[in-house]
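Next comes upload.txt, a file with compact mmCIF, C-alpha atoms.
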```txt
# COMPACT_ATOMS: atom_id res chain seq x y z
CA MET I 1 -56.35 108.72 169.27
CA LYS I 2 -56.72 109.05 173.04
CA GLN I 3 -54.19 107.07 175.08
CA SER I 4 -55.50 105.34 178.18
CA LYS I 5 -53.97 106.08 181.54
CA VAL I 6 -52.35 103.06 183.15
CA THR I 7 -50.45 102.40 186.38
CA LEU I 8 -47.84 99.89 187.43
CA GLN I 9 -48.44 99.32 191.15
CA LEU I 10 -45.65 97.49 192.99
CA ASP I 11 -46.44 95.28 195.94
CA ASN I 12 -44.69 97.75 198.27
CA GLY I 13 -47.39 100.29 197.38
CA GLN I 14 -45.36 102.48 195.01
CA CYS I 15 -47.00 103.43 191.74
CA PHE I 16 -45.65 104.43 188.33
CA HIS I 17 -48.06 106.17 185.98
CA GLY I 18 -47.95 106.21 182.21
CA THR I 19 -50.03 105.66 179.10
CA SER I 20 -50.96 102.49 177.30
CA PHE I 21 -49.55 101.43 173.94
CA GLY I 22 -50.44 97.73 174.10
CA TYR I 23 -53.47 95.61 174.83
CA GLU I 24 -55.73 97.15 177.46
CA ALA I 25 -56.41 94.64 180.20
CA PRO I 26 -55.22 94.41 183.82
CA THR I 27 -52.58 91.82 184.71
CA GLU I 28 -50.01 91.01 187.36
CA GLY I 29 -46.54 89.48 187.45
CA GLU I 30 -43.06 89.59 188.92
CA VAL I 31 -41.45 92.89 187.91
CA VAL I 32 -37.93 92.49 186.48
CA PHE I 33 -35.63 94.72 184.44
CA ASN I 34 -33.39 94.11 181.43
CA THR I 35 -30.55 96.52 180.54
CA ALA I 36 -30.03 95.38 176.92
CA MET I 37 -30.01 98.13 174.29
CA SER I 38 -31.68 95.99 171.60
CA GLY I 39 -33.39 92.66 171.06
CA TYR I 40 -36.91 93.28 172.36
CA PRO I 41 -38.55 90.85 169.84
CA GLU I 42 -36.29 88.06 171.11
CA SER I 43 -36.75 89.00 174.76
CA LEU I 44 -40.53 89.18 174.54
CA THR I 45 -40.68 85.69 173.01
CA ASP I 46 -38.17 84.16 175.46
CA PRO I 47 -40.13 81.60 177.56
CA SER I 48 -37.88 82.39 180.54
CA TYR I 49 -39.92 85.61 180.99
CA ALA I 50 -43.19 83.72 181.57
CA GLY I 51 -45.09 85.23 184.48
CA GLN I 52 -43.05 88.43 184.55
CA ILE I 53 -43.59 92.12 183.81
CA LEU I 54 -40.55 93.22 181.83
CA VAL I 55 -39.02 96.67 182.35
CA LEU I 56 -36.62 97.75 179.59
CA THR I 57 -34.06 100.26 180.87
CA TYR I 58 -32.96 101.44 177.42
CA PRO I 59 -34.93 104.70 177.03
CA LEU I 60 -36.20 104.39 173.43
CA ILE I 61 -38.09 101.25 172.43
CA GLY I 62 -39.94 100.39 169.24
CA ASN I 63 -37.91 102.41 166.73
CA TYR I 64 -36.98 99.37 164.63
CA GLY I 65 -40.39 97.73 164.73
CA VAL I 66 -41.01 93.99 164.70
CA PRO I 67 -40.04 91.43 162.02
CA ASP I 68 -42.52 89.12 160.35
CA PHE I 69 -43.65 86.34 162.70
CA THR I 70 -43.11 83.39 160.36
CA PHE I 71 -42.09 79.78 160.92
CA GLU I 72 -39.67 77.45 159.17
CA PRO I 73 -40.74 74.02 157.84
CA ASP I 74 -39.40 72.40 161.04
CA GLY I 75 -41.69 74.58 163.17
CA LEU I 76 -39.04 76.93 164.53
CA ALA I 77 -39.78 80.66 164.44
CA THR I 78 -37.76 82.47 161.77
CA ASN I 79 -37.03 85.62 163.77
CA MET I 80 -38.30 84.91 167.29
CA GLU I 81 -37.39 82.66 170.22
CA SER I 82 -40.72 80.84 170.54
CA ASP I 83 -44.20 80.79 169.04
CA LYS I 84 -45.64 83.67 171.10
CA ILE I 85 -44.94 86.51 173.55
CA HIS I 86 -44.39 85.21 177.09
CA VAL I 87 -44.10 88.36 179.23
CA LYS I 88 -47.19 89.41 181.18
CA ALA I 89 -46.63 93.10 180.32
CA LEU I 90 -44.00 95.52 179.02
CA VAL I 91 -42.85 98.77 180.69
CA VAL I 92 -40.72 101.37 178.83
CA SER I 93 -39.63 104.96 179.21
CA SER I 94 -40.40 106.16 175.69
CA TYR I 95 -42.19 104.23 172.95
CA SER I 96 -41.56 105.11 169.31
CA GLY I 97 -44.65 104.54 167.20
CA GLU I 98 -42.68 105.26 164.03
CA TYR I 99 -40.24 102.53 163.06
CA SER I 100 -37.69 101.83 160.35
CA HIS I 101 -35.78 98.62 159.67
CA TRP I 102 -35.15 96.47 156.62
CA ASN I 103 -37.13 93.49 157.95
CA ALA I 104 -39.76 95.30 160.03
CA LYS I 105 -43.33 94.27 159.19
CA GLU I 106 -45.33 95.98 161.92
CA SER I 107 -45.03 98.21 164.96
CA LEU I 108 -44.32 96.88 168.43
CA ALA I 109 -47.68 98.27 169.61
CA ASP I 110 -49.63 96.39 166.91
CA TRP I 111 -47.86 93.15 167.79
CA LEU I 112 -48.55 93.57 171.52
CA LYS I 113 -52.21 94.32 170.90
CA ARG I 114 -52.58 91.29 168.63
CA GLU I 115 -51.10 89.02 171.30
CA HIS I 116 -53.08 90.67 174.15
CA ILE I 117 -50.03 91.98 176.04
CA PRO I 118 -50.42 95.24 178.04
CA ALA I 119 -47.66 97.86 177.71
CA ILE I 120 -46.88 101.19 179.40
CA THR I 121 -44.83 104.12 178.16
CA GLY I 122 -43.92 107.33 179.98
CA VAL I 123 -42.54 105.56 183.06
CA ASP I 124 -39.33 106.71 184.76
CA THR I 125 -37.62 103.35 184.26
CA ARG I 126 -34.39 104.62 185.86
CA GLU I 127 -36.18 105.24 189.15
CA LEU I 128 -38.10 101.97 188.85
CA THR I 129 -34.85 100.07 188.26
CA LYS I 130 -33.24 101.72 191.29
CA ILE I 131 -36.14 100.50 193.43
CA LEU I 132 -35.84 96.96 192.09
CA ARG I 133 -32.07 96.98 192.66
CA GLU I 134 -32.53 98.18 196.24
CA HIS I 135 -35.48 96.03 197.27
CA GLY I 136 -35.12 93.12 194.82
CA VAL I 137 -37.69 91.93 192.32
CA MET I 138 -41.26 92.26 193.50
CA MET I 139 -44.76 91.61 192.29
CA GLY I 140 -46.64 94.29 190.40
CA LYS I 141 -50.08 94.96 188.97
CA ILE I 142 -51.04 96.71 185.74
CA ILE I 143 -54.10 98.85 186.46
CA PHE I 144 -56.07 100.89 183.92
CA ASP I 145 -57.89 104.17 184.66
CA ASP I 146 -55.31 104.95 187.34
CA ASP I 147 -57.21 107.95 188.74
CA ASN I 148 -58.55 105.60 191.39
CA TYR I 149 -55.01 104.76 192.52
CA LYS I 150 -53.20 108.11 192.39
CA ASN I 151 -53.23 108.45 196.17
CA GLN I 152 -51.63 105.04 196.80
CA ASP I 153 -48.00 106.04 196.10
CA THR I 154 -46.84 105.26 199.64
CA THR I 155 -46.25 101.93 201.34
CA ASP I 156 -48.68 100.73 204.01
CA GLU I 157 -46.36 98.81 206.34
CA SER I 158 -49.32 97.22 208.12
CA ASP I 159 -50.15 95.36 204.90
CA ASP I 160 -46.64 93.91 204.52
CA THR I 161 -47.64 90.34 205.42
CA SER I 162 -50.48 90.17 202.90
CA ARG I 163 -48.21 91.56 200.17
CA LYS I 164 -45.64 88.85 200.86
CA GLU I 165 -48.36 86.22 200.58
CA TYR I 166 -49.53 87.82 197.32
CA HIS I 167 -45.94 87.67 196.02
CA LYS I 168 -45.50 84.03 196.98
CA SER I 169 -48.86 82.82 195.66
CA SER I 170 -48.69 84.80 192.44
CA TYR I 171 -45.27 83.78 191.11
CA GLU I 172 -42.94 81.66 193.20
CA SER I 173 -45.40 78.84 193.86
CA VAL I 174 -46.28 78.43 190.17
CA ASN I 175 -44.50 75.83 188.05
CA TRP I 176 -43.89 78.10 185.06
CA VAL I 177 -41.78 75.45 183.36
CA ASN I 178 -44.84 73.22 183.10
CA GLN I 179 -46.70 76.05 181.35
CA VAL I 180 -44.10 76.65 178.62
CA SER I 181 -42.68 73.17 177.98
CA CYS I 182 -43.81 71.12 174.99
CA GLN I 183 -46.52 68.54 175.71
CA GLN I 184 -45.11 65.66 173.66
CA PRO I 185 -41.82 64.78 171.92
CA ILE I 186 -40.87 66.84 168.86
CA TYR I 187 -38.14 65.77 166.40
CA TYR I 188 -35.75 67.98 164.43
CA ASN I 189 -33.25 66.90 161.76
CA LYS I 190 -34.48 63.33 162.12
CA GLY I 191 -32.16 60.64 160.79
CA ALA I 192 -28.83 62.27 161.65
CA ASP I 193 -26.04 60.02 162.93
CA LYS I 194 -26.06 61.43 166.45
CA LYS I 195 -29.21 61.96 168.53
CA ILE I 196 -29.61 64.53 171.31
CA VAL I 197 -32.41 64.48 173.86
CA LEU I 198 -33.33 68.09 174.70
CA LEU I 199 -35.20 68.46 177.98
CA ASP I 200 -37.57 71.34 177.23
CA CYS I 201 -37.97 73.57 180.28
CA GLY I 202 -38.92 76.52 178.06
CA VAL I 203 -36.28 76.26 175.36
CA LYS I 204 -35.34 79.23 173.16
CA HIS I 205 -35.51 78.33 169.49
CA ASN I 206 -31.95 79.48 168.87
CA ILE I 207 -30.69 76.69 171.12
CA ILE I 208 -32.38 74.18 168.82
CA ARG I 209 -31.02 76.00 165.75
CA ASN I 210 -27.49 75.78 167.15
CA LEU I 211 -27.83 72.05 167.69
CA ILE I 212 -29.33 71.10 164.34
CA LYS I 213 -26.89 73.25 162.36
CA ARG I 214 -24.16 71.10 163.90
CA GLY I 215 -25.67 68.05 162.24
CA VAL I 216 -27.37 66.22 165.10
CA GLU I 217 -30.91 64.95 165.51
CA VAL I 218 -32.79 66.67 168.33
CA MET I 219 -35.58 64.97 170.24
CA ARG I 220 -37.31 67.68 172.28
CA VAL I 221 -39.18 66.19 175.24
CA PRO I 222 -41.40 67.67 178.00
CA TRP I 223 -39.70 68.85 181.20
CA ASP I 224 -40.97 65.89 183.27
CA TYR I 225 -40.41 63.23 180.60
CA ASP I 226 -38.35 60.20 181.68
CA PHE I 227 -35.89 60.01 178.80
CA ASN I 228 -33.55 57.45 180.36
CA ASP I 229 -34.89 54.43 178.45
CA LEU I 230 -34.51 56.16 175.05
CA GLN I 231 -31.65 55.55 172.65
CA PHE I 232 -29.60 58.76 172.42
CA ASP I 233 -26.01 60.00 172.40
CA GLY I 234 -26.21 63.13 174.55
CA LEU I 235 -28.51 65.08 176.87
CA PHE I 236 -29.20 68.81 176.69
CA LEU I 237 -30.95 70.74 179.48
CA SER I 238 -32.63 73.95 178.33
CA ASN I 239 -33.37 77.34 179.84
CA GLY I 240 -36.73 78.03 181.43
CA PRO I 241 -38.73 80.35 183.72
CA GLY I 242 -39.41 80.46 187.42
CA ASP I 243 -38.12 78.50 190.38
CA PRO I 244 -36.07 75.34 189.66
CA ASN I 245 -37.30 73.95 192.99
CA THR I 246 -40.72 73.36 191.36
CA CYS I 247 -39.15 70.91 188.87
CA ASP I 248 -38.41 67.89 191.04
CA ALA I 249 -39.49 65.41 188.34
CA ALA I 250 -36.81 66.79 186.01
CA VAL I 251 -34.20 66.68 188.77
CA GLN I 252 -34.96 63.02 189.49
CA ASN I 253 -34.70 62.06 185.81
CA ILE I 254 -31.40 63.95 185.43
CA ARG I 255 -30.05 62.27 188.57
CA LYS I 256 -30.95 58.87 187.09
CA PHE I 257 -28.97 59.86 183.97
CA LEU I 258 -25.94 60.87 186.08
CA ASN I 259 -26.05 57.57 187.98
CA SER I 260 -26.37 55.42 184.85
CA GLN I 261 -23.68 52.87 184.02
CA ARG I 262 -23.47 54.34 180.52
CA VAL I 263 -21.74 57.72 180.57
CA ARG I 264 -22.99 60.11 177.87
CA PRO I 265 -22.27 63.83 177.38
CA LEU I 266 -24.51 66.44 178.97
CA MET I 267 -24.80 70.20 178.51
CA GLY I 268 -27.14 72.62 180.27
CA ILE I 269 -28.03 76.29 179.82
CA CYS I 270 -29.57 78.67 182.38
CA MET I 271 -32.33 76.67 184.13
CA GLY I 272 -30.40 73.63 182.88
CA ASN I 273 -27.42 74.71 184.98
CA GLN I 274 -29.59 74.92 188.09
CA LEU I 275 -31.34 71.58 187.49
CA LEU I 276 -28.00 69.87 186.87
CA ALA I 277 -26.62 71.27 190.13
CA LYS I 278 -29.67 70.07 192.06
CA ALA I 279 -29.43 66.61 190.47
CA ALA I 280 -25.76 66.46 191.46
CA GLY I 281 -26.64 67.30 195.08
CA GLY I 282 -26.15 71.07 195.10
CA GLU I 283 -28.51 73.88 196.03
CA VAL I 284 -29.84 77.00 194.33
CA TYR I 285 -30.97 80.36 195.70
CA LYS I 286 -32.87 83.38 194.42
CA LEU I 287 -30.81 86.40 193.35
CA PRO I 288 -31.97 89.81 194.66
CA TYR I 289 -32.85 91.12 191.19
CA GLY I 290 -31.37 88.59 188.78
CA HIS I 291 -29.18 88.97 185.71
CA ARG I 292 -31.00 90.20 182.60
CA SER I 293 -28.78 91.92 180.07
CA HIS I 294 -26.35 91.51 177.17
CA ASN I 295 -23.24 92.63 179.02
CA GLN I 296 -22.59 90.24 181.91
CA PRO I 297 -18.83 89.50 182.21
CA VAL I 298 -17.90 85.94 183.16
CA ARG I 299 -14.52 84.28 183.70
CA MET I 300 -13.71 80.66 182.94
CA GLU I 301 -12.42 79.14 186.18
CA GLY I 302 -8.75 78.20 186.19
CA SER I 303 -7.92 80.67 183.43
CA THR I 304 -7.80 84.37 182.61
CA ARG I 305 -10.35 83.96 179.78
CA CYS I 306 -13.29 86.34 180.16
CA PHE I 307 -16.41 86.61 178.03
CA ILE I 308 -19.29 89.07 177.62
CA THR I 309 -22.55 87.14 177.86
CA SER I 310 -26.29 87.45 177.44
CA GLN I 311 -28.27 86.41 180.52
CA ASN I 312 -31.83 86.05 181.77
CA HIS I 313 -32.25 84.34 185.12
CA GLY I 314 -33.42 85.00 188.66
CA TYR I 315 -31.83 82.03 190.45
CA ALA I 316 -28.24 80.89 190.86
CA VAL I 317 -26.30 77.81 191.97
CA ASP I 318 -24.52 77.89 195.32
CA PRO I 319 -21.10 76.42 194.37
CA ASN I 320 -20.27 75.78 198.04
CA THR I 321 -22.97 73.08 198.14
CA LEU I 322 -21.64 71.07 195.18
CA PRO I 323 -20.13 67.61 195.83
CA SER I 324 -16.35 67.36 195.53
CA GLU I 325 -16.46 65.86 192.02
CA TRP I 326 -18.17 69.00 190.68
CA LYS I 327 -16.42 72.33 190.16
CA PRO I 328 -17.50 75.84 189.09
CA TYR I 329 -16.93 76.30 185.34
CA PHE I 330 -17.62 80.06 185.04
CA THR I 331 -17.98 82.89 187.56
CA ASN I 332 -19.76 86.24 187.20
CA MET I 333 -17.22 89.06 187.48
CA ASN I 334 -19.80 91.58 188.72
CA ASP I 335 -21.14 89.80 191.80
CA GLY I 336 -19.12 86.56 192.05
CA SER I 337 -22.16 84.32 191.50
CA ASN I 338 -21.88 80.97 189.74
CA GLU I 339 -22.18 80.94 185.93
CA GLY I 340 -21.75 77.24 185.21
CA ILE I 341 -20.53 73.93 186.60
CA ARG I 342 -18.62 70.92 185.29
CA HIS I 343 -17.76 67.41 186.43
CA ILE I 344 -14.05 66.88 187.05
CA SER I 345 -13.85 63.64 185.04
CA LYS I 346 -17.09 63.03 183.14
CA PRO I 347 -18.35 64.91 180.03
CA TRP I 348 -20.96 66.98 181.90
CA PHE I 349 -21.02 70.77 182.01
CA SER I 350 -23.39 73.72 182.00
CA ALA I 351 -23.56 77.49 181.63
CA GLN I 352 -25.83 79.91 183.47
CA PHE I 353 -25.60 82.38 180.57
CA HIS I 354 -26.82 82.00 176.97
CA PRO I 355 -24.10 80.90 174.49
CA GLU I 356 -26.71 81.08 171.72
CA ALA I 357 -27.57 84.68 172.72
CA ALA I 358 -30.36 85.87 170.31
CA SER I 359 -30.15 88.58 171.08
CA GLY I 360 -26.72 89.46 172.43
CA PRO I 361 -23.04 88.53 172.07
CA THR I 362 -22.06 85.12 170.70
CA ASP I 363 -18.61 84.99 172.33
CA THR I 364 -19.36 81.64 174.00
CA GLU I 365 -21.09 79.79 171.16
CA PHE I 366 -18.06 77.49 171.11
CA LEU I 367 -19.64 75.63 174.03
CA PHE I 368 -22.01 73.99 171.54
CA ASP I 369 -18.98 72.78 169.58
CA ASP I 370 -17.44 71.47 172.80
CA PHE I 371 -20.62 69.50 173.53
CA ILE I 372 -20.92 68.07 170.02
CA SER I 373 -17.24 67.02 170.04
CA LEU I 374 -17.92 64.86 173.11
CA LEU I 375 -20.62 62.75 171.42
```

Can the structure from this file be put into structure tokens for me?
Amino acid sequence: MKQSKVTLQLDNGQCFHGTSFGYEAPTEGEVVFNTAMSGYPESLTDPSYAGQILVLTYPLIGNYGVPDFTFEPDGLATNMESDKIHVKALVVSSYSGEYSHWNAKESLADWLKREHIPAITGVDTRELTKILREHGVMMGKIIFDDDNYKNQDTTDESDDTSRKEYHKSSYESVNWVNQVSCQQPIYYNKGADKKIVLLDCGVKHNIIRNLIKRGVEVMRVPWDYDFNDLQFDGLFLSNGPGDPNTCDAAVQNIRKFLNSQRVRPLMGICMGNQLLAKAAGGEVYKLPYGHRSHNQPVRMEGSTRCFITSQNHGYAVDPNTLPSEWKPYFTNMNDGSNEGIRHISKPWFSAQFHPEAASGPTDTEFLFDDFISLL
């Protein structure tokens, strides 16, 4: 079977040529890289990748196939992190069409085609990653029949302004959280003694699994839902894609919760860390190329405890902008960026990394136990 030629064209004019092994249709998105060695089914279904073209740096992808895409009675995916693939496209160095794993049901290529997701193999992902590390994340286009573009491998500096506008209009100005959040409240483990409101900014299913297995009821509400008049025992802020600055409605509702006379526990993860910081009065900024991997080392502030964490985010909290009653909880040992915040006296804390992993290390899953113990 003939493989179609396909090109990833970055918005600085550089092109990477390869062949297609997914759905054949042009697309565009913010190009980001992930250095994890495994876990592509979970990464592809992570809503935090909405609007992005995912580059996997591990050289061989597809060799263990894809598990069956089934759902539990409560509506959670059995093996995935949501109900569909969220990336705009996938870029790999070498795709393995032959797969072997005890729970594999189909190839990665068949899954991508069924969900209409383009994919490229044969790309020098090491060189592509070096470019993204040097210049930061940038927009990219997936173009088929790349013969028409083979002479566009150099940057036209005169077109720099239009490319910046293309970048801004195509990703940063979009409220991706609104596109992946649930549309109405969803209940899990209904009837349990303690009730958690989960603000869904693009929640991974393993976060919900970790909550319900600890015996609490979870009420999952849309990102802009005003939950403050509900009866609940704790608030959980989920992960999500894109720019937290597009989520002002969520920030206002969280701020109302923080200013309430009734103090109830709160925990946030990833986007939840950023929204909590903004509600508290802090600021966030965009990282040059983000943290997307399974091996990010973080240290708990005020201790020598270090953990290896799974991460997927492009923005970070500026701890210097936090009010005096808020302190950094964790710090990234690679670049010194913030990895969580906590209130000095109230039961409110967050983590920029993923304690639930899926995939990745579960060294910090104890944070769920800490949250539940505060209810």

Test item: residues at most 8 Å from range 342-358 of chain I, all atoms listed in the file, excluding those fewer than 2 positions along its chain, as an MDAnalysis selection string
chainID I and resid 39 42 81 206:207 210 263:274 276 309:313 316 325:330 338:340 360:368 374

For range 52-61 of chain I, take all atoms listed in the file, fit an axis-aligned box around them, add 3 Å to each of the six sides, then output centre and edge lengths in Å rounded to one decimal, as lines of an AutoDock Vina configuration file.
```
center_x = -38.3
center_y = 96.6
center_z = 178.5
size_x = 16.6
size_y = 22.3
size_z = 18.1
```

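Distances to His294 in chain I were evaluated for I:Phe144, I:Tyr225, I:Tyr40, I:Phe371 using all atoms listed in the file, and the minimum falls at I:Tyr40.
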
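Between CA of Pro73 in chain I and CA of Asn189 in chain I the separation is 11.1 Å.
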
Using all atoms listed in the file, the shortest atom-to-atom distance to Asn79 in chain I among I:Ser373, I:Asn103, I:Asn34, I:Asn228 belongs to I:Asn103

What separates CA of Cys182 in chain I and CA of Ile85 in chain I is a distance of 15.5 Å
